[in-house]
file final22.csv (CSV, C-alpha atoms)
chain,number,residue,atom,x,y,z
A,1,MET,CA,0.0,0.0,0.0
A,2,LYS,CA,1.2,3.5,-0.8
A,3,ILE,CA,0.5,6.5,1.4
A,4,ILE,CA,1.7,10.0,0.7
A,5,ALA,CA,2.3,12.7,3.3
A,6,VAL,CA,1.8,16.1,1.7
A,7,CYS,CA,2.9,19.6,2.5
A,8,GLY,CA,3.3,22.7,0.5
A,9,MET,CA,7.0,22.2,-0.2
A,10,GLY,CA,7.7,18.6,0.6
A,11,ILE,CA,10.6,19.2,2.9
A,12,GLY,CA,9.3,20.0,6.4
A,13,THR,CA,5.8,19.4,7.5
A,14,SER,CA,5.3,16.3,5.2
A,15,VAL,CA,8.6,14.8,6.4
A,16,LEU,CA,7.5,15.1,10.1
A,17,LEU,CA,4.2,13.5,9.2
A,18,LYS,CA,5.8,10.7,7.3
A,19,MET,CA,8.1,9.8,10.2
A,20,ASN,CA,5.2,9.7,12.7
A,21,ALA,CA,2.9,7.9,10.3
A,22,GLU,CA,5.6,5.2,9.8
A,23,LYS,CA,5.8,4.7,13.6
A,24,VAL,CA,2.1,4.3,13.9
A,25,LEU,CA,1.8,2.0,10.9
A,26,ALA,CA,4.5,-0.3,12.3
A,27,GLN,CA,2.6,-0.4,15.7
A,28,LEU,CA,-0.6,-1.3,13.9
A,29,GLY,CA,1.2,-3.9,11.8
A,30,ILE,CA,0.1,-2.3,8.5
A,31,GLU,CA,2.6,-2.7,5.7
A,32,ALA,CA,2.8,0.5,3.7
A,33,THR,CA,5.3,2.8,2.1
A,34,VAL,CA,5.0,6.4,3.1
A,35,GLU,CA,6.4,9.1,0.8
A,36,ALA,CA,6.8,12.8,1.7
A,37,THR,CA,5.8,15.0,-1.2
A,38,ASP,CA,4.8,18.5,-2.2
A,39,MET,CA,1.3,19.7,-3.3
A,40,LYS,CA,2.2,19.6,-7.0
A,41,THR,CA,3.3,15.9,-6.9
A,42,ALA,CA,0.3,15.0,-4.8
A,43,ARG,CA,-2.1,16.5,-7.3
A,44,GLU,CA,-0.6,14.4,-10.0
A,45,SER,CA,-0.6,11.2,-7.9
A,46,ARG,CA,-3.0,8.5,-8.9
A,47,ASP,CA,-1.6,5.4,-7.1
A,48,ALA,CA,-1.7,6.4,-3.4
A,49,GLN,CA,-4.4,4.7,-1.3
A,50,VAL,CA,-4.2,7.4,1.3
A,51,ILE,CA,-3.1,11.0,1.4
A,52,LEU,CA,-2.1,12.3,4.8
A,53,THR,CA,-2.1,16.1,5.1
A,54,THR,CA,-3.3,19.1,7.1
A,55,PRO,CA,-6.9,20.4,7.1
A,56,ASP,CA,-5.8,23.6,5.2
A,57,LEU,CA,-4.1,21.6,2.4
A,58,ALA,CA,-6.9,19.0,2.2
A,59,GLN,CA,-9.2,21.7,0.8
A,60,LEU,CA,-6.8,22.0,-2.1
A,61,LEU,CA,-6.6,18.2,-2.7
A,62,THR,CA,-10.0,17.4,-4.0
A,63,GLY,CA,-11.0,15.2,-6.9
A,64,LEU,CA,-8.2,12.6,-6.4
A,65,PRO,CA,-8.8,8.9,-6.2
A,66,SER,CA,-7.0,8.7,-2.8
A,67,GLU,CA,-8.7,8.9,0.6
A,68,VAL,CA,-7.6,12.1,2.3
A,69,ILE,CA,-6.9,11.9,6.0
A,70,THR,CA,-6.3,15.2,7.8
A,71,ILE,CA,-4.1,15.5,10.9
A,72,ASP,CA,-4.3,18.4,13.3
A,73,HIS,CA,-1.5,17.7,15.7
A,74,PHE,CA,1.6,16.1,14.1
A,75,PHE,CA,3.2,14.9,17.3
A,76,ASP,CA,0.0,13.3,18.7
A,77,LEU,CA,0.5,9.6,17.8
A,78,GLU,CA,-2.9,8.8,19.3
A,79,GLU,CA,-4.6,11.0,16.7
A,80,LEU,CA,-2.6,9.4,13.9
A,81,THR,CA,-3.3,5.9,15.3
A,82,LYS,CA,-7.1,6.6,15.6
A,83,LYS,CA,-7.4,8.1,12.1
A,84,LEU,CA,-5.2,5.6,10.3
A,85,SER,CA,-6.7,2.5,12.0
A,86,ALA,CA,-10.3,3.8,11.3
A,87,SER,CA,-9.4,4.0,7.6
A,88,LEU,CA,-7.1,1.0,7.1
A,89,LEU,CA,-8.1,-1.7,9.6
B,1,MET,CA,23.6,17.0,24.6
B,2,ALA,CA,20.9,14.6,23.5
B,3,PHE,CA,20.2,16.2,20.2
B,4,ALA,CA,23.5,16.7,18.4
B,5,LYS,CA,22.0,17.6,15.0
B,6,LEU,CA,19.7,20.2,16.5
B,7,ALA,CA,22.5,21.8,18.4
B,8,GLU,CA,24.4,22.1,15.1
B,9,ALA,CA,21.5,23.2,13.1
B,10,PHE,CA,20.8,26.2,15.4
B,11,ALA,CA,23.7,28.4,14.5
B,12,GLU,CA,24.7,31.5,16.5
B,13,HIS,CA,22.0,34.2,16.3
B,14,SER,CA,19.4,31.7,15.2
B,15,ILE,CA,17.3,31.9,18.4
B,16,ARG,CA,15.3,34.7,19.9
B,17,VAL,CA,12.9,34.8,22.9
B,18,ALA,CA,9.9,37.0,23.4
B,19,ALA,CA,9.9,38.5,19.9
B,20,VAL,CA,7.1,41.0,19.2
B,21,ALA,CA,5.2,40.1,16.0
B,22,LEU,CA,2.5,42.2,14.5
B,23,ASP,CA,0.7,39.5,12.5
B,24,ARG,CA,1.3,36.0,11.1
B,25,GLU,CA,3.4,37.2,8.1
B,26,HIS,CA,5.6,39.2,10.4
B,27,ALA,CA,6.1,36.2,12.7
B,28,VAL,CA,7.2,34.1,9.7
B,29,GLU,CA,9.5,36.9,8.6
B,30,LEU,CA,11.1,37.2,12.0
B,31,SER,CA,11.9,33.4,12.0
B,32,GLY,CA,13.3,33.8,8.5
B,33,ASP,CA,15.4,36.8,9.5
B,34,LEU,CA,17.2,34.6,12.0
B,35,LEU,CA,18.1,32.1,9.2
B,36,VAL,CA,19.7,35.1,7.4
B,37,ALA,CA,21.3,36.4,10.6
B,38,SER,CA,22.8,33.0,11.3
B,39,GLY,CA,24.2,32.7,7.8
B,40,ARG,CA,21.9,29.9,6.5
B,41,ALA,CA,19.9,31.7,3.9
B,42,THR,CA,19.5,34.9,1.9
B,43,PRO,CA,16.7,37.5,2.3
B,44,GLN,CA,15.1,36.0,-0.8
B,45,TYR,CA,14.4,32.9,1.2
B,46,VAL,CA,12.5,34.9,3.8
B,47,SER,CA,10.3,36.3,1.0
B,48,GLU,CA,9.6,32.8,-0.1
B,49,MET,CA,8.6,31.7,3.4
B,50,VAL,CA,6.0,34.4,3.5
B,51,GLU,CA,4.8,33.5,-0.1
B,52,VAL,CA,4.3,29.9,1.1
B,53,LEU,CA,1.9,31.2,3.8
B,54,GLU,CA,0.1,33.3,1.2
B,55,THR,CA,-0.1,30.5,-1.4
B,56,HIS,CA,-0.9,27.4,0.8
B,57,GLY,CA,-2.3,29.0,4.0
B,58,PRO,CA,-1.3,28.3,7.6
B,59,TYR,CA,-0.9,24.5,7.2
B,60,PHE,CA,2.5,24.5,8.8
B,61,VAL,CA,1.1,25.2,12.2
B,62,ILE,CA,1.8,21.5,13.0
B,63,ALA,CA,0.9,21.3,16.7
B,64,PRO,CA,-0.8,23.5,19.3
B,65,GLY,CA,1.1,26.8,19.4
B,66,ILE,CA,3.9,25.7,17.1
B,67,ALA,CA,4.6,26.7,13.5
B,68,LEU,CA,7.3,25.3,11.2
B,69,ALA,CA,7.9,28.0,8.6
B,70,HIS,CA,9.9,27.0,5.5
B,71,SER,CA,10.2,27.3,1.8
B,72,LYS,CA,12.0,24.8,-0.4
B,73,PRO,CA,15.6,24.0,-1.4
B,74,SER,CA,17.0,26.7,-3.8
B,75,GLU,CA,19.9,29.0,-4.4
B,76,ALA,CA,18.5,31.1,-1.6
B,77,VAL,CA,19.7,28.4,0.9
B,78,MET,CA,23.3,28.5,1.9
B,79,SER,CA,23.2,25.6,4.3
B,80,THR,CA,20.6,23.5,6.1
B,81,GLY,CA,19.6,25.1,9.4
B,82,LEU,CA,16.9,26.0,11.9
B,83,SER,CA,15.8,29.1,13.7
B,84,LEU,CA,13.4,29.6,16.5
B,85,ILE,CA,11.5,32.5,17.9
B,86,THR,CA,9.1,32.5,20.9
B,87,LEU,CA,6.5,35.2,20.7
B,88,ALA,CA,5.9,37.7,23.5
B,89,GLU,CA,2.2,37.7,22.5
B,90,PRO,CA,0.6,34.8,20.8
B,91,ILE,CA,-0.4,35.3,17.1
B,92,GLU,CA,-3.5,34.0,15.3
B,93,PHE,CA,-2.4,32.2,12.1
B,94,GLN,CA,-6.0,31.3,11.3
B,95,ASN,CA,-5.2,27.6,11.8
B,96,LEU,CA,-8.4,26.2,13.4
B,97,ALA,CA,-6.8,23.3,15.3
B,98,ASN,CA,-3.6,24.8,16.6
B,99,ASP,CA,-4.0,28.6,17.1
B,100,PRO,CA,-2.7,30.8,18.6
B,101,VAL,CA,1.0,30.4,17.7
B,102,ARG,CA,3.5,31.0,20.4
B,103,MET,CA,6.6,29.7,18.7
B,104,VAL,CA,7.8,29.7,15.1
B,105,ILE,CA,10.6,27.4,14.0
B,106,GLY,CA,12.2,28.4,10.7
B,107,LEU,CA,13.7,25.7,8.5
B,108,CYS,CA,15.9,25.8,5.4
B,109,ALA,CA,17.3,22.8,3.7
B,110,VAL,CA,19.7,22.4,0.8
B,111,ASP,CA,17.9,19.3,-0.6
B,112,HIS,CA,15.0,17.1,0.0
B,113,ASP,CA,16.5,14.4,2.2
B,114,SER,CA,19.8,15.3,3.9
B,115,HIS,CA,17.9,16.9,6.8
B,116,ILE,CA,15.7,13.9,7.7
B,117,GLU,CA,17.7,12.9,10.8
B,118,LEU,CA,17.6,16.6,11.9
B,119,LEU,CA,13.8,16.6,11.6
B,120,ALA,CA,13.6,13.3,13.5
B,121,GLU,CA,15.4,15.1,16.4
B,122,LEU,CA,13.1,18.1,16.1
B,123,SER,CA,10.1,15.7,16.1
B,124,ALA,CA,11.4,14.0,19.3
B,125,LEU,CA,12.0,17.4,20.9
B,126,LEU,CA,8.5,18.7,20.1
B,127,SER,CA,6.7,15.5,21.0
B,128,ASP,CA,7.7,16.0,24.6
B,129,GLU,CA,5.2,18.3,26.3
B,130,PRO,CA,7.4,19.4,29.2
B,131,THR,CA,10.2,20.3,26.8
B,132,VAL,CA,7.7,22.3,24.7
B,133,ASN,CA,6.6,24.2,27.8
B,134,SER,CA,10.3,24.8,28.7
B,135,LEU,CA,10.9,26.2,25.1
B,136,LEU,CA,7.8,28.4,25.3
B,137,ASN,CA,8.7,29.8,28.7
B,138,ALA,CA,12.4,30.2,28.2
B,139,VAL,CA,13.6,33.6,29.4
B,140,ASP,CA,16.8,33.6,27.3
B,141,THR,CA,18.4,31.7,24.4
B,142,GLU,CA,20.7,29.7,26.7
B,143,HIS,CA,17.7,28.1,28.4
B,144,ILE,CA,16.6,27.0,24.9
B,145,ARG,CA,20.0,25.6,23.9
B,146,ASP,CA,20.1,23.7,27.2
B,147,LEU,CA,17.2,21.6,25.9
B,148,PHE,CA,19.1,20.3,22.8

call {"tool": "encode", "arguments": {"input": "final22.csv", "output": "structure tokens"}}
result
Amino acid sequence: MKIIAVCGMGIGTSVLLKMNAEKVLAQLGIEATVEATDMKTARESRDAQVILTTPDLAQLLTGLPSEVITIDHFFDLEELTKKLSASLL
Amino acid sequence: MAFAKLAEAFAEHSIRVAAVALDREHAVELSGDLLVASGRATPQYVSEMVEVLETHGPYFVIAPGIALAHSKPSEAVMSTGLSLITLAEPIEFQNLANDPVRMVIGLCAVDHDSHIELLAELSALLSDEPTVNSLLNAVDTEHIRDLF
């Protein structure tokens, strides 16, 4: 399964999101690759099952085949666990 | 020193406590100015950081009270680094979940992946609530450096 973590530039926010998502996915026993990417790449992406991003950016990522999951607090692994398991388990 | 990469990334003149910002753009600018003052980036990079806010909105407010302001790798970046300001008065970024912002961390990176370990340390630092409170309430830059 492919998951993309998206931020405006692909170097800061999305990288933090990717790292914490990988921790949570490992704990949940879900096999997935997580790529950090920028908005432009995300809009062109067609093969990601899930897009992880912030509420602000989610508004700009509509009409894609992927499910969009928004994260408010990037360091709150409980929020990530709750939202990822609701979607993937 | 638990966070060697953080200690290195915050060059001299990259940290400021109790900065006074007028609005969210100004707060981003102040964090960018410290990347310039500490020799990491050019003023062009600071303009780009503000443009990111204008183009993509305040998505980079990544946790309650904490913004991670950045642009992307370019010629405006001299070396990978971080800056940090705490704000004397919290600023509304119009981020519904995490307003108001009390601390802005500035980031510049020379490429897309050589700073991953640095961000892992930053993530570990900011995941610890007592540490975040110490950062927010630090009265001088030495108190902040002591946390790295």

call {"tool": "residues_around", "arguments": {"input": "final22.csv", "residues": "segment 101-107 of chain B", "least_positions_apart": "4", "cutoff": "8 Å", "atoms": "only C-alpha atoms", "output": "ChimeraX atom specification"}}
result
/A:12 /B:27-28,31-32,35,61,64-71,80-93,136

call {"tool": "closest_atom_pairs", "arguments": {"input": "final22.csv", "of": "chain B", "to": "chain A", "cutoff": "7 Å", "atoms": "all atoms listed in the file", "output": "JSON lines"}}
result
{"residue": "B:His56", "atom": "CA", "partner": "A:Gly8", "partner_atom": "CA", "distance": 6.3}
{"residue": "B:Gly57", "atom": "CA", "partner": "A:Asp56", "partner_atom": "CA", "distance": 6.5}
{"residue": "B:Pro58", "atom": "CA", "partner": "A:Asp56", "partner_atom": "CA", "distance": 6.9}
{"residue": "B:Tyr59", "atom": "CA", "partner": "A:Asp56", "partner_atom": "CA", "distance": 5.4}
{"residue": "B:Phe60", "atom": "CA", "partner": "A:Thr13", "partner_atom": "CA", "distance": 6.2}
{"residue": "B:Ile62", "atom": "CA", "partner": "A:Phe74", "partner_atom": "CA", "distance": 5.5}
{"residue": "B:Ala63", "atom": "CA", "partner": "A:His73", "partner_atom": "CA", "distance": 4.4}
{"residue": "B:Pro64", "atom": "CA", "partner": "A:His73", "partner_atom": "CA", "distance": 6.9}
{"residue": "B:Ser71", "atom": "CA", "partner": "A:Met9", "partner_atom": "CA", "distance": 6.3}
{"residue": "B:Lys72", "atom": "CA", "partner": "A:Met9", "partner_atom": "CA", "distance": 5.6}
{"residue": "B:Ala97", "atom": "CA", "partner": "A:Asp72", "partner_atom": "CA", "distance": 5.9}
{"residue": "B:His112", "atom": "CA", "partner": "A:Ile11", "partner_atom": "CA", "distance": 5.7}
{"residue": "B:Leu119", "atom": "CA", "partner": "A:Leu16", "partner_atom": "CA", "distance": 6.6}
{"residue": "B:Ser123", "atom": "CA", "partner": "A:Leu16", "partner_atom": "CA", "distance": 6.6}
{"residue": "B:Ser127", "atom": "CA", "partner": "A:Phe75", "partner_atom": "CA", "distance": 5.1}

call {"tool": "residues_around", "arguments": {"input": "final22.csv", "residues": "Arg145 of chain B", "least_positions_apart": "2", "cutoff": "12 Å", "atoms": "all atoms listed in the file", "output": "PyMOL selection string"}}
result
chain B and resi 1-4+6-17+83-84+125+131+134-135+138-143+147-148

call {"tool": "atom_distance", "arguments": {"input": "final22.csv", "atom1": "atom CA of Val77 of chain B", "atom2": "atom CA of Ser38 of chain B"}}
result
11.8 Å

call {"tool": "atom_distance", "arguments": {"input": "final22.csv", "atom1": "atom CA of Leu96 of chain B", "atom2": "atom CA of Leu84 of chain A"}}
result
21.1 Å

call {"tool": "atom_distance", "arguments": {"input": "final22.csv", "atom1": "atom CA of Leu64 of chain A", "atom2": "atom CA of Glu31 of chain A"}}
result
22.3 Å

call {"tool": "residues_around", "arguments": {"input": "final22.csv", "residues": "Ile4 of chain A", "least_positions_apart": "5", "cutoff": "6 Å", "atoms": "all atoms listed in the file", "output": "ChimeraX atom specification"}}
result
/A:34-36,51

call {"tool": "closest_residue", "arguments": {"input": "final22.csv", "among": "A:Lys18, A:Ile69, A:Ala48, A:Arg43", "to": "Ser85 of chain A", "atoms": "all atoms listed in the file"}}
result
A:Ile69

call {"tool": "residues_near_point", "arguments": {"input": "final22.csv", "point": "(-0.7, 2.0, -1.3)", "cutoff": "8 Å", "atoms": "all atoms listed in the file", "output": "ChimeraX atom specification"}}
result
/A:1-3,32-33,47-50

call {"tool": "residues_around", "arguments": {"input": "final22.csv", "residues": "Lys5 of chain B", "least_positions_apart": "5", "cutoff": "8 Å", "atoms": "only C-alpha atoms", "output": "PyMOL selection string"}}
result
chain B and resi 117-118+121

call {"tool": "residues_near_point", "arguments": {"input": "final22.csv", "point": "(-6.4, 7.8, 8.8)", "cutoff": "10 Å", "atoms": "only C-alpha atoms", "output": "VMD selection string"}}
result
chain A and resid 21 50 to 52 67 to 71 79 to 89

call {"tool": "closest_residue", "arguments": {"input": "final22.csv", "among": "B:Ala76, B:Ala109, B:Val46, B:Ile144", "to": "Leu30 of chain B", "atoms": "only C-alpha atoms"}}
result
B:Val46

call {"tool": "closest_residue", "arguments": {"input": "final22.csv", "among": "A:Leu25, A:Thr41, A:Ile30, A:Arg46", "to": "Ser66 of chain A", "atoms": "all atoms listed in the file"}}
result
A:Arg46
